[in-house]
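Undergrad: Okay, so here is coords-v5.txt, and as you'll see once you scroll down, it has compact mmCIF, C-alpha atoms and all ligand atoms.
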```
# COMPACT_ATOMS: atom_id res chain seq x y z
CA MET G 1 -49.95 -7.61 37.79
CA ILE G 2 -50.63 -4.09 36.62
CA ALA G 3 -50.86 -1.98 39.72
CA ILE G 4 -48.51 -1.86 42.65
CA ALA G 5 -50.40 -1.38 45.87
CA PRO G 6 -48.26 0.55 48.33
CA SER G 7 -47.55 -1.29 51.53
CA PRO G 8 -49.17 0.41 54.53
CA ASP G 9 -45.88 2.08 55.43
CA TRP G 10 -45.18 2.95 51.79
CA THR G 11 -41.77 1.30 51.84
CA ILE G 12 -40.40 -0.54 48.84
CA PRO G 13 -37.19 -2.51 48.37
CA GLN G 14 -34.32 -0.23 47.41
CA ASP G 15 -33.24 -2.82 44.81
CA TRP G 16 -29.75 -1.40 44.66
CA ALA G 17 -28.90 -3.50 41.57
CA HIS G 18 -31.42 -1.53 39.49
CA TYR G 19 -29.37 1.69 39.49
CA SER G 20 -27.77 2.28 36.08
CA ALA G 21 -24.25 3.48 35.41
CA THR G 22 -25.78 6.89 34.68
CA ASP G 23 -27.53 6.89 38.07
CA HIS G 24 -24.24 6.25 39.84
CA ARG G 25 -22.53 8.92 37.75
CA VAL G 26 -25.17 11.47 38.74
CA TRP G 27 -24.61 10.62 42.41
CA ASP G 28 -20.83 10.91 42.07
CA HIS G 29 -21.09 14.21 40.23
CA LEU G 30 -23.38 15.76 42.84
CA PHE G 31 -21.34 14.25 45.66
CA ASP G 32 -18.04 15.64 44.35
CA ARG G 33 -19.51 19.06 43.71
CA GLN G 34 -20.92 19.32 47.24
CA THR G 35 -17.99 17.81 49.11
CA ARG G 36 -15.66 20.31 47.41
CA LEU G 37 -17.87 23.17 48.50
CA LEU G 38 -18.89 22.16 52.04
CA PRO G 39 -15.71 22.18 54.17
CA GLY G 40 -15.65 25.46 56.08
CA ARG G 41 -19.31 26.05 55.26
CA VAL G 42 -21.12 23.07 56.78
CA ALA G 43 -21.40 22.12 60.45
CA PRO G 44 -18.51 19.76 61.28
CA GLU G 45 -21.05 17.20 62.57
CA PHE G 46 -22.22 16.72 58.98
CA LEU G 47 -18.74 15.90 57.62
CA GLU G 48 -18.16 13.65 60.59
CA GLY G 49 -21.37 11.77 59.73
CA LEU G 50 -20.36 11.34 56.07
CA LYS G 51 -17.13 9.79 57.20
CA ARG G 52 -18.48 7.59 59.96
CA LEU G 53 -21.19 6.24 57.65
CA ASP G 54 -18.72 5.52 54.84
CA LEU G 55 -20.75 7.71 52.52
CA THR G 56 -17.56 8.77 50.78
CA ARG G 57 -17.58 5.54 48.74
CA PRO G 58 -18.52 6.12 45.09
CA GLY G 59 -22.00 5.45 43.72
CA VAL G 60 -25.52 5.51 45.11
CA PRO G 61 -25.24 4.04 48.62
CA ASP G 62 -26.61 0.59 49.32
CA PHE G 63 -29.08 1.09 52.18
CA ALA G 64 -28.40 -2.36 53.65
CA ARG G 65 -24.74 -1.49 54.16
CA LEU G 66 -25.49 2.04 55.28
CA ASN G 67 -28.02 0.77 57.81
CA ASP G 68 -25.51 -1.53 59.48
CA GLN G 69 -23.41 1.49 60.35
CA LEU G 70 -26.25 3.88 61.12
CA MET G 71 -27.99 1.35 63.36
CA ALA G 72 -24.80 0.81 65.32
CA LEU G 73 -24.27 4.55 65.82
CA THR G 74 -27.73 5.87 66.71
CA GLY G 75 -30.30 3.14 66.08
CA TRP G 76 -31.68 4.84 62.96
CA GLN G 77 -32.43 3.13 59.64
CA VAL G 78 -33.04 4.36 56.12
CA VAL G 79 -36.03 2.84 54.30
CA ALA G 80 -36.79 3.26 50.60
CA VAL G 81 -39.98 4.96 49.41
CA PRO G 82 -41.09 5.89 45.89
CA GLY G 83 -41.34 9.65 46.65
CA LEU G 84 -43.36 11.84 48.97
CA VAL G 85 -45.49 9.84 51.40
CA PRO G 86 -48.55 11.02 53.39
CA ASP G 87 -47.79 13.10 56.48
CA ALA G 88 -48.98 10.45 58.95
CA VAL G 89 -46.80 7.81 57.31
CA PHE G 90 -43.79 10.14 57.27
CA PHE G 91 -44.17 11.02 60.95
CA ASP G 92 -44.68 7.41 61.96
CA HIS G 93 -41.38 6.47 60.30
CA LEU G 94 -39.50 9.27 62.04
CA ALA G 95 -41.10 8.48 65.40
CA ASN G 96 -39.68 4.96 65.03
CA ARG G 97 -36.24 6.12 63.94
CA ARG G 98 -36.70 5.24 60.27
CA PHE G 99 -35.89 7.85 57.65
CA PRO G 100 -37.87 7.41 54.41
CA ALA G 101 -35.62 8.11 51.43
CA GLY G 102 -36.72 8.41 47.81
CA ASN G 103 -35.01 5.58 45.95
CA PHE G 104 -34.89 7.24 42.53
CA ILE G 105 -32.21 9.70 41.44
CA ARG G 106 -32.60 12.82 39.31
CA ARG G 107 -31.65 12.72 35.63
CA PRO G 108 -28.39 14.24 34.38
CA ASP G 109 -30.35 17.18 32.90
CA GLN G 110 -32.00 17.89 36.29
CA LEU G 111 -28.98 18.37 38.52
CA ASP G 112 -30.30 21.56 40.09
CA TYR G 113 -34.01 20.97 39.84
CA LEU G 114 -36.19 18.61 41.85
CA GLN G 115 -39.90 18.32 42.48
CA GLU G 116 -39.74 15.44 44.91
CA PRO G 117 -36.87 14.47 47.17
CA ASP G 118 -34.59 11.94 45.46
CA VAL G 119 -31.96 9.67 46.95
CA PHE G 120 -29.28 12.36 46.72
CA HIS G 121 -31.26 14.93 48.67
CA ASP G 122 -32.53 12.36 51.15
CA VAL G 123 -29.35 10.36 51.78
CA PHE G 124 -26.60 12.91 51.21
CA GLY G 125 -28.63 15.76 52.68
CA HIS G 126 -30.37 14.11 55.63
CA VAL G 127 -28.58 10.95 56.67
CA PRO G 128 -25.13 12.18 57.82
CA LEU G 129 -26.66 14.09 60.74
CA LEU G 130 -28.66 11.03 61.77
CA ALA G 131 -25.30 9.70 62.96
CA HIS G 132 -25.21 12.54 65.52
CA PRO G 133 -26.93 11.54 68.79
CA ALA G 134 -28.68 14.85 69.57
CA PHE G 135 -29.81 15.42 65.99
CA ALA G 136 -30.98 11.80 65.78
CA ASP G 137 -33.12 12.32 68.89
CA TYR G 138 -34.45 15.60 67.52
CA MET G 139 -35.67 13.90 64.34
CA GLN G 140 -37.49 11.29 66.38
CA ALA G 141 -39.00 13.99 68.61
CA TYR G 142 -40.19 15.76 65.46
CA GLY G 143 -41.89 12.58 64.24
CA ARG G 144 -43.67 12.13 67.56
CA GLY G 145 -44.62 15.81 67.52
CA GLY G 146 -45.96 15.40 63.99
CA LEU G 147 -48.25 12.55 65.03
CA ARG G 148 -49.52 14.74 67.84
CA ALA G 149 -49.90 17.77 65.56
CA LEU G 150 -52.21 15.70 63.35
CA GLU G 151 -54.61 15.53 66.32
CA PHE G 152 -54.42 19.30 66.80
CA ASP G 153 -54.80 19.97 63.07
CA ALA G 154 -51.51 21.86 63.40
CA ILE G 155 -49.37 20.27 60.67
CA ASP G 156 -49.04 23.50 58.71
CA ARG G 157 -47.63 25.19 61.76
CA LEU G 158 -45.32 22.37 62.87
CA SER G 159 -43.98 21.90 59.34
CA ARG G 160 -42.38 25.35 59.68
CA LEU G 161 -40.16 23.92 62.39
CA TYR G 162 -38.99 21.11 60.10
CA TRP G 163 -38.48 23.52 57.23
CA TYR G 164 -36.41 26.04 59.16
CA THR G 165 -34.29 23.45 60.97
CA VAL G 166 -34.01 20.06 59.26
CA GLU G 167 -34.26 21.49 55.73
CA PHE G 168 -32.84 25.02 55.88
CA GLY G 169 -31.16 25.43 59.26
CA LEU G 170 -28.00 27.35 60.04
CA MET G 171 -25.84 27.01 63.14
CA ARG G 172 -23.35 29.25 64.91
CA SER G 173 -19.88 28.04 64.21
CA GLY G 174 -16.28 28.76 65.01
CA ALA G 175 -14.81 30.19 68.13
CA LYS G 176 -17.21 31.83 70.55
CA GLY G 177 -18.05 35.33 69.46
CA ASP G 178 -16.45 35.25 66.04
CA GLY G 179 -19.87 35.46 64.40
CA GLY G 180 -19.30 32.59 61.99
CA LEU G 181 -22.24 30.65 60.59
CA ALA G 182 -22.45 27.15 59.19
CA ILE G 183 -25.17 25.36 57.24
CA TYR G 184 -26.72 22.06 58.36
CA GLY G 185 -30.19 21.85 56.77
CA ALA G 186 -30.52 19.15 54.11
CA GLY G 187 -32.14 21.49 51.58
CA ILE G 188 -29.05 23.69 51.69
CA VAL G 189 -26.40 21.01 52.09
CA SER G 190 -27.67 19.08 49.04
CA SER G 191 -27.92 22.22 46.86
CA HIS G 192 -24.93 23.89 45.28
CA GLY G 193 -26.73 27.16 44.65
CA GLU G 194 -28.32 27.44 48.08
CA THR G 195 -25.07 26.56 49.90
CA LEU G 196 -23.56 29.70 48.42
CA PHE G 197 -26.69 31.80 48.76
CA ALA G 198 -27.45 30.91 52.39
CA LEU G 199 -24.03 32.00 53.62
CA ASP G 200 -22.89 34.62 51.13
CA SER G 201 -25.87 36.45 49.68
CA ALA G 202 -26.72 39.85 51.11
CA SER G 203 -30.43 39.28 50.46
CA PRO G 204 -31.83 36.81 53.07
CA ASN G 205 -32.33 37.46 56.79
CA ARG G 206 -30.29 35.34 59.18
CA LEU G 207 -32.06 35.40 62.53
CA GLY G 208 -31.61 33.77 65.89
CA TRP G 209 -33.74 30.63 66.19
CA ARG G 210 -36.64 30.87 68.61
CA LEU G 211 -39.34 28.22 68.51
CA GLU G 212 -42.37 30.52 68.58
CA ARG G 213 -40.83 32.86 66.04
CA VAL G 214 -40.26 30.00 63.62
CA LEU G 215 -43.77 28.63 64.09
CA ARG G 216 -45.11 32.05 63.08
CA THR G 217 -43.03 32.35 59.92
CA PRO G 218 -44.30 31.11 56.53
CA TYR G 219 -41.79 29.76 54.03
CA ARG G 220 -41.10 29.58 50.32
CA ILE G 221 -40.99 26.30 48.50
CA ASP G 222 -40.19 27.64 45.04
CA ASP G 223 -37.05 29.73 45.56
CA PHE G 224 -34.06 30.17 47.84
CA GLN G 225 -35.19 31.12 51.35
CA GLN G 226 -35.72 34.68 52.52
CA ASN G 227 -35.16 33.67 56.17
CA TYR G 228 -32.64 31.36 57.74
CA PHE G 229 -32.76 30.70 61.48
CA VAL G 230 -29.56 30.13 63.41
CA ILE G 231 -29.40 27.58 66.23
CA ASP G 232 -26.72 27.45 68.93
CA SER G 233 -26.36 23.67 68.83
CA PHE G 234 -28.28 20.48 68.16
CA GLU G 235 -28.37 19.89 71.90
CA HIS G 236 -30.18 23.18 72.46
CA LEU G 237 -32.61 22.52 69.59
CA LEU G 238 -33.42 19.11 71.06
CA LYS G 239 -33.82 20.43 74.58
CA VAL G 240 -36.28 23.18 73.62
CA THR G 241 -38.28 20.80 71.46
CA LEU G 242 -38.53 18.16 74.20
CA GLU G 243 -39.37 20.65 76.93
CA THR G 244 -42.12 22.43 75.03
CA ASP G 245 -45.72 21.35 75.40
CA PHE G 246 -46.91 21.97 71.85
CA GLY G 247 -50.66 21.61 72.52
CA PRO G 248 -51.04 24.85 74.52
CA LEU G 249 -48.52 26.52 72.21
CA TYR G 250 -50.67 25.79 69.14
CA GLN G 251 -53.68 27.23 70.96
CA ARG G 252 -51.83 30.36 71.91
CA LEU G 253 -50.39 30.85 68.42
CA ALA G 254 -53.82 30.46 66.85
CA GLY G 255 -54.50 33.96 68.17
CA SER G 256 -51.30 35.55 66.82
CA ARG G 257 -50.58 36.75 63.32
CA ASP G 258 -47.97 35.27 61.02
CA ILE G 259 -44.78 37.27 60.62
CA ALA G 260 -44.40 38.33 56.99
CA ILE G 261 -41.67 36.48 55.19
CA ALA G 262 -39.15 39.34 54.96
CA GLU G 263 -40.09 41.05 58.24
CA ILE G 264 -37.66 41.41 61.13
CA THR G 265 -39.17 41.94 64.58
CA GLU G 266 -37.81 43.73 67.64
CA SER G 267 -37.19 40.43 69.41
CA ASP G 268 -35.03 39.06 66.59
CA THR G 269 -31.29 38.66 66.83
CA VAL G 270 -29.90 39.53 63.41
CA PHE G 271 -26.70 37.88 62.23
CA THR G 272 -24.63 39.74 59.70
CA ARG G 273 -22.14 38.06 57.46
CA GLY G 274 -18.79 37.91 59.18
CA ASP G 275 -16.02 39.67 57.30
CA GLN G 276 -13.90 36.57 57.59
CA SER G 277 -16.54 34.61 55.73
CA HIS G 278 -16.20 33.72 52.10
CA ALA G 279 -16.46 37.34 50.87
CA ALA G 280 -17.80 35.70 47.82
CA ALA G 281 -20.60 37.63 46.25
CA ALA G 282 -18.40 37.18 43.20
CA ARG G 283 -18.65 33.41 43.56
CA LEU G 284 -22.43 33.39 43.45
CA PRO G 285 -23.79 32.19 40.14
CA ALA G 286 -25.06 35.18 38.16
N1 LIG G 301 -42.39 12.25 52.41
N2 LIG G 301 -40.70 11.01 51.44
C1 LIG G 301 -41.11 12.10 52.12
N3 LIG G 301 -40.18 13.04 52.48
C2 LIG G 301 -40.54 14.16 53.16
O1 LIG G 301 -39.68 14.98 53.48
C3 LIG G 301 -41.89 14.34 53.47
C4 LIG G 301 -42.81 13.35 53.08
N4 LIG G 301 -44.12 13.50 53.37
C5 LIG G 301 -44.60 14.62 54.13
C6 LIG G 301 -43.56 15.63 54.44
N5 LIG G 301 -42.32 15.45 54.14
C7 LIG G 301 -43.87 16.94 55.07
O2 LIG G 301 -45.03 17.42 54.46
C8 LIG G 301 -44.00 16.94 56.58
O3 LIG G 301 -42.77 17.37 57.17
C9 LIG G 301 -45.03 17.88 57.08
FE FE G 302 -35.68 16.90 52.82
```
Rewrite the structure from the file as structure tokens, please.

TA:
Amino acid sequence: MIAIAPSPDWTIPQDWAHYSATDHRVWDHLFDRQTRLLPGRVAPEFLEGLKRLDLTRPGVPDFARLNDQLMALTGWQVVAVPGLVPDAVFFDHLANRRFPAGNFIRRPDQLDYLQEPDVFHDVFGHVPLLAHPAFADYMQAYGRGGLRALEFDAIDRLSRLYWYTVEFGLMRSGAKGDGGLAIYGAGIVSSHGETLFALDSASPNRLGWRLERVLRTPYRIDDFQQNYFVIDSFEHLLKVTLETDFGPLYQRLAGSRDIAIAEITESDTVFTRGDQSHAAAARLPA
């Protein structure tokens, strides 16, 4: 056998036994670094998920074990894939409550650099929130919406929603009115540098999340974000997504311009960094 034909759904066995001692060390290193940084910065639902899914055990998680717990909590499963999969395959997995996770892990000399999502980004970053009922339903709704967007040729537009929520979302946190923000997007939560940047840097915009606004906003894939959008709650995000008929929305938006990446519009709510926050420009890497 020389070539490996992908199965139609692109899944492969995780083959947990194949991970080397170095692989497990890389996981533990990244895990420790993030779990030291996240308390007080991440949405509490994320830490709750880590705990309920037993992800605090050392080493690359065994998906079989993880799935027993995840299935019992929200009916989701994690399936192993070699890397990025085609859009239609990705959406079909999400629509059926399966999260495709890269089964490789970055090398020790690549701790802060990734071209394709690896098991640390996918499992540490994405899976804890799949234990949360409203977020779990939102991910499925996104998958169904993705399959529908394929018919409308609207993937580029819908992918902005995924990017600015699932990957780089912020949420209001703390007591009502205290202006605190927390991270929840997997691209932030799994990145040491962006965890600090998203909350502490003076450079990006932090704007109230509105569906149409997000669908009109392009994004960067090669640097920290210039815009973060702030949701009220996963329940609100889910409700708006379920109640919106995206077909007519795509048609309407086809006639409107994109909002430039650093632009703030009159309808935007702008969040400023609360003084009680980490006051930590000094803690940002130079
Ligand atoms: N495949 N494994 C994997 N992970 C992703 O996050 C992913 C993908 N394929 C397509 C995709 N994301 C995005 O392009 C869609 O959200 C549009
Ligand atoms: Fe991701």

Undergrad: Report the distance between CA of Ser191 in chain G and CA of Gln34 in chain G in Å, rounded to one decimal place.

TA: 7.6 Å

Undergrad: List as a ChimeraX atom specification the protein and nucleic acid residues lying within 10 Å of ligand FE 302 (chain G), with only C-alpha atoms and all ligand atoms counted.

TA: /G:84,100-102,116-118,120-123,125-126,162-163,166-168,185-188,190

Undergrad: How many Å lie between CA of Ile183 in chain G and CA of Gln225 in chain G, rounded to one decimal?

TA: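 Spanning CA of Ile183 in chain G to CA of Gln225 in chain G is a straight-line distance of 13.0 Å.
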
Undergrad: Within 9 Å of (-29.0, 30.6, 60.4) in the file's own coordinates, which protein, DNA or RNA residues have an atom, counting all atoms listed in the file? List them as a PyMOL selection string.

TA: chain G and resi 164-165+168-172+181-183+198-199+205-209+227-231+271

Undergrad: Counting all atoms listed in the file, figure out which residue out of G:Arg36, G:Arg144, G:His18, G:Arg41 gets nearest to ligand LIG 301 (chain G).

TA: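 When distances to ligand LIG 301 (chain G) are compared using all atoms listed in the file, the smallest one comes from G:Arg144.
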
Undergrad: Leaving out range 57-71 of chain G and any residue of its chain fewer than 6 positions from it, which residues lie within 6 Å of it when counting only C-alpha atoms, given as number ranges by chain?

TA: G: 16, 24, 27-28, 77

Undergrad: What would the file look like if the residues just selected were written as a compact mmCIF listing (two decimals), in the coordinates of the input with C-alpha atoms?

TA:
```
# COMPACT_ATOMS: atom_id res chain seq x y z
CA TRP G 16 -29.75 -1.40 44.66
CA HIS G 24 -24.24 6.25 39.84
CA TRP G 27 -24.61 10.62 42.41
CA ASP G 28 -20.83 10.91 42.07
CA GLN G 77 -32.43 3.13 59.64
```

Undergrad: From (-28.6, 15.1, 35.1), in the file's coordinates, out to 10 Å: which residues are reached, counting only C-alpha atoms? Answer as a ChimeraX atom specification.

TA: /G:22-23,25-27,29-30,105-113

Undergrad: Counting all atoms listed in the file, what is within 9 Å of range 252-257 of chain G, bar same-chain residues fewer than 5 positions away, as an MDAnalysis selection string?

TA: chainID G and resid 212 215:216 247

Undergrad: Which of these residues is nearest to ligand LIG 301 (chain G), using only C-alpha atoms and all ligand atoms: G:Leu150, G:Ile155, G:Leu37, G:Leu73?

TA: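 Of G:Leu150, G:Ile155, G:Leu37, G:Leu73, the one nearest ligand LIG 301 (chain G), counting only C-alpha atoms and all ligand atoms, is G:Ile155.
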
Undergrad: Between CA of Asp87 in chain G and atom C7 of ligand LIG 301 (chain G), what is the spacing in Å?

TA: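 Separation of atom C7 of ligand LIG 301 (chain G) and CA of Asp87 in chain G: 5.7 Å.
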
Undergrad: Looking at G:Ala136, G:Ala131, G:Ala17, G:Ala80, which one is nearest to Arg52 in chain G, with distances taken over all atoms listed in the file?

TA: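 Answer, going by the shortest atom-to-atom distance: G:Ala131.
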
Undergrad: From the options G:Tyr142, G:Phe135, G:Phe46, G:Phe31, which residue's atoms come nearest to ligand LIG 301 (chain G), counting only C-alpha atoms and all ligand atoms?

TA: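 Using only C-alpha atoms and all ligand atoms, the shortest distance to ligand LIG 301 (chain G) belongs to G:Tyr142.
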
Undergrad: With all atoms listed in the file as the basis for distance, which of G:Val127, G:Ala262, G:Leu55, G:Val81 is at the shortest distance from Gln14 in chain G?

TA: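 Answer, going by the shortest atom-to-atom distance: G:Val81.
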